[in-house]
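Take a look at the structure below.
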Amino acid sequence: MFSLSMYSLIWRFGGFSLRQLVGQLRGVLGSRGAEWDRVVNSSVTGSLGGFCVYRSVERDSTGTSDMFSAGSGYWFTQKVLCWRAAASIAWSVLLLPATTAAFVVLSKFSILHPVRMLADCASVLVSAGSVFSFILLTGVIIMVGFLTFEYYTVIPMIACSKVALLGRLLHPRQLLYCLAHGLMGVVVGWCCAVTIGYRYETLGSVCPKTDGDGPAHMCLNEHHLLLLLEGGFVGLSHGLLGVIHNMNYVSFGTVQQHKYLCFKGSLPLAVKCSAAQAFYSVRNFLVFYFFLGHIPRAWICRSLSLHLDSSAHPLDTISGLLDLSLLYHLWISAAYLLFSWCITLLLFRIFVTEAYSFPVQSTFTEEAPQCLPKVLSEKQPMILKFLALQDLSLLSQHSPSRRSQVFSLSQPGGHAHNWNAISKECLSLLAELTQRLVSYHETVATNGRTKSLSSSSEQKTSSESSGTEDSMSSRPAFLMKTPASVFLRSMGAGPQSPLTSPFTPDLDSPFASPTLRRLTAPLDPGSPWHGSVQSPHVMRRAPKLWSTSTGGRGSAEALMWMSSEWISCSLFTDSQVNGSPPASPASLPSPKPESSRPSFLAQFFQNRREQLPEASSQALFADSQAHIWALEGLSYLVQASFTEDQFGVVQTTLPSILSSMLLLQEAVDRHFKLPHASSKPVRSPVSLGDSSHKTLRFALRATLKTAIYRITSTFGAHLHAVQMSAEHRKRLQHFLEYKE
């Protein structure tokens, strides 16, 4: 009876079909998602000029996944990807009975009564309620697999500031993802309550009679409600942690293994992560229910016309929650939920990342879009591009017959179309990463994160001779911070030099401060501030003044504070010369710091917009797995061409390949000289997310050096005949002598 009432309540508040949900939300979120991305990107683009905004490469301008677009990769989505996703979901459903049986055994576990435990487990597994629960659980697994297929990505989305992370969590697509997991968690919680039975079986029960033969009332079963709320809380927290820890990020294994071996090796980690995450989720849920448990309890009672049992002890108290049996059932239910969802995600990763062999060349015209050179050279879904690069790396190492097709010439014509297309795409990937690293380093250097006062003072003379306006006009328009050299030029310049352009106040404005006008006015030649100042007090103030960052204060505030310091120091020096006592602080025309100090809320958001250096470096190399495969494919093909290239097609592009690798090597070495880039990432706690993207930059550096050594060790002294610049030749000589 009350199960039907519960179903009617769920239908009342969430009763619409999955097809209507997907169809309506795709239309709404398609337009809103792109607008939200633009708002978040404009708000978090700070000193690095957009390098640290989280990446969402697999979404087009409409906000939908590009794997469903009818483009050149449509054949792969229909014939390969959808079938792989369906196979992973099918295996998740097939493993569900074993997982459910293990949950039933653990929920009925009793050391003192093993025979009774086995009998209870058998009766529960064959009951009608368990069969219906299994059908609901099957639907939940299918829905989880569908959401995984819809939200997966091969390039992690890394937020480089706390504001960017908040923008990700508030994105409409991510909110829908978390809400869907919360609703599915409620369904799993109901299934767990029905399966455990006893005091958790129904939502309501007949109230005990205390006043004679009055009418019977139905009271709320708070233990059943606790399992429902716990399932929704665990599902919602799982969705939020999935967004934060990139649980939908699909990484490719370094070593190719059979699917069964991959699943067998990952199963213990899945059990460990599910149990640990269930413990933390239950702990957080108990805190939530202790303080706010009365709100959903009162709402359920009012909606279903249920009463509270006055004879039962409420569970939103310390004594009510300190029930070992209740805590155990909460933990085992949360672990069962997380483990079943983790198995679905794990199987999806294994099936999707399975290597796919692309034909190098085809005889029939309709199969030409499926060939490896065509897939690499055209715009494709990122999963298809990654699988093609993975196949290129594998064929360059282990397939001499397919390598011969790469080195072959077209008939008629005698052109190396296959090699040209493959090498062009790989070189463009390396050039794109090199340009990205160079731009990043220039942006960081321009923003003063790597320049010190000593290094900037050495460039002071050259910058003054070239003119302040010319030097500032060459800076990008989006940069918000200014290096310390600008401040030094404004301090060290002569009396006729204007202030630097980013800090020039509007002196004609009626709101301009009189202090600023006196500061920017031409100095009297007889003033003690004209020329160089020899006072030791002033010389010690200057480094302290400009070596510290002003934080969230504006340029006008910094100049007003500077002017008050200069005026006080000037009065002190004049009093020493004239023999008069120094002026009192009350007579100094210093501005009120309270009027110019930013509010607490503005300072709070400003601090959270600061870029996280470690995250910015991770975002820069987020897609480096493609570059690793490109480096391996090129280097192995060049190595094999020494003996297998009969027509010499590789020799025509060997100078470009070596130059691209050496340029990338220089850019990578320059990046790793930054203080945050060479630091090892912090070991992540037990989580279901994949953190392999945090070490991609180290893998790229090792792969790049290995690729260059592979070429130099194969060709040896023959590389002296390759045309390249003197700088590249000098660097290549270090590899030939094994000095790198």
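Chains: A, B, ... in order of the structure tokens. Residues: from 1 per chain. Ligands: from 1, in order shown.
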Identify all residues of region 158-387 of chain A in helix (DSSP H, G or I) (DSSP on the backbone) and supply them as an MDAnalysis selection string.
chainID A and resid 162:169 172:196 198:200 222:244 259:292 294:304 318:321 324:352 365:370 372:377 382:387
Each residue of region 90-166 of chain A lying at most 12 Å from region 225-243 of chain A should get a row with its shortest atom-to-atom pair and the distance in Å to one decimal, counting only C-alpha atoms; could you produce that, ordered by chain and increasing number, as a Markdown table?
```
| residue | atom | partner | partner_atom | distance |
| --- | --- | --- | --- | --- |
| A:Val140 | CA | A:Gly235 | CA | 11.5 |
| A:Val144 | CA | A:Gly239 | CA | 10.8 |
| A:Leu147 | CA | A:Gly239 | CA | 10.8 |
| A:Thr148 | CA | A:Gly242 | CA | 10.6 |
| A:Tyr151 | CA | A:Val243 | CA | 10.1 |
| A:Tyr152 | CA | A:Gly242 | CA | 10.8 |
| A:Thr153 | CA | A:Val243 | CA | 11.7 |
| A:Pro156 | CA | A:Val243 | CA | 10.3 |
| A:Met157 | CA | A:Val243 | CA | 8.9 |
| A:Ile158 | CA | A:Val243 | CA | 10.0 |
| A:Ala159 | CA | A:Val243 | CA | 10.5 |
| A:Leu165 | CA | A:Val243 | CA | 9.0 |
| A:Leu166 | CA | A:Val243 | CA | 10.4 |
```
Name all residues at most 9 Å from Gln618 (chain A) (count only C-alpha atoms; drop same-chain ones fewer than 4 positions away) and give them as number ranges by chain.
A: 52, 158, 160, 613-614, 622, 677, 693-697
Would you output that residue set with C-alpha atoms, as a short mmCIF file (atom, residue, chain, number, x, y, z; two decimals), in the first residue's frame?
```
data_model
loop_
_atom_site.label_atom_id
_atom_site.label_comp_id
_atom_site.auth_asym_id
_atom_site.auth_seq_id
_atom_site.Cartn_x
_atom_site.Cartn_y
_atom_site.Cartn_z
CA CYS A 52 43.92 27.70 -17.58
CA ILE A 158 40.83 20.87 -15.57
CA CYS A 160 42.75 26.12 -12.83
CA PRO A 613 50.14 26.83 -10.88
CA GLU A 614 50.01 23.05 -10.66
CA ALA A 622 45.85 17.71 -20.81
CA ALA A 677 56.12 22.54 -13.50
CA HIS A 693 46.49 13.11 -16.59
CA LYS A 694 48.45 14.71 -13.75
CA THR A 695 51.68 13.02 -14.91
CA LEU A 696 51.25 13.44 -18.66
CA ARG A 697 53.86 16.21 -18.85
#
```
Could you check how far CA of Ser656 (chain A) sits from CA of Leu631 (chain A), in Å to one decimal?
13.2 Å
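Counting only C-alpha atoms, the residue from A:Ser107, A:Gln397, A:Gln361, A:Thr77 that sits nearest to Gly633 (chain A) is A:Gln397.
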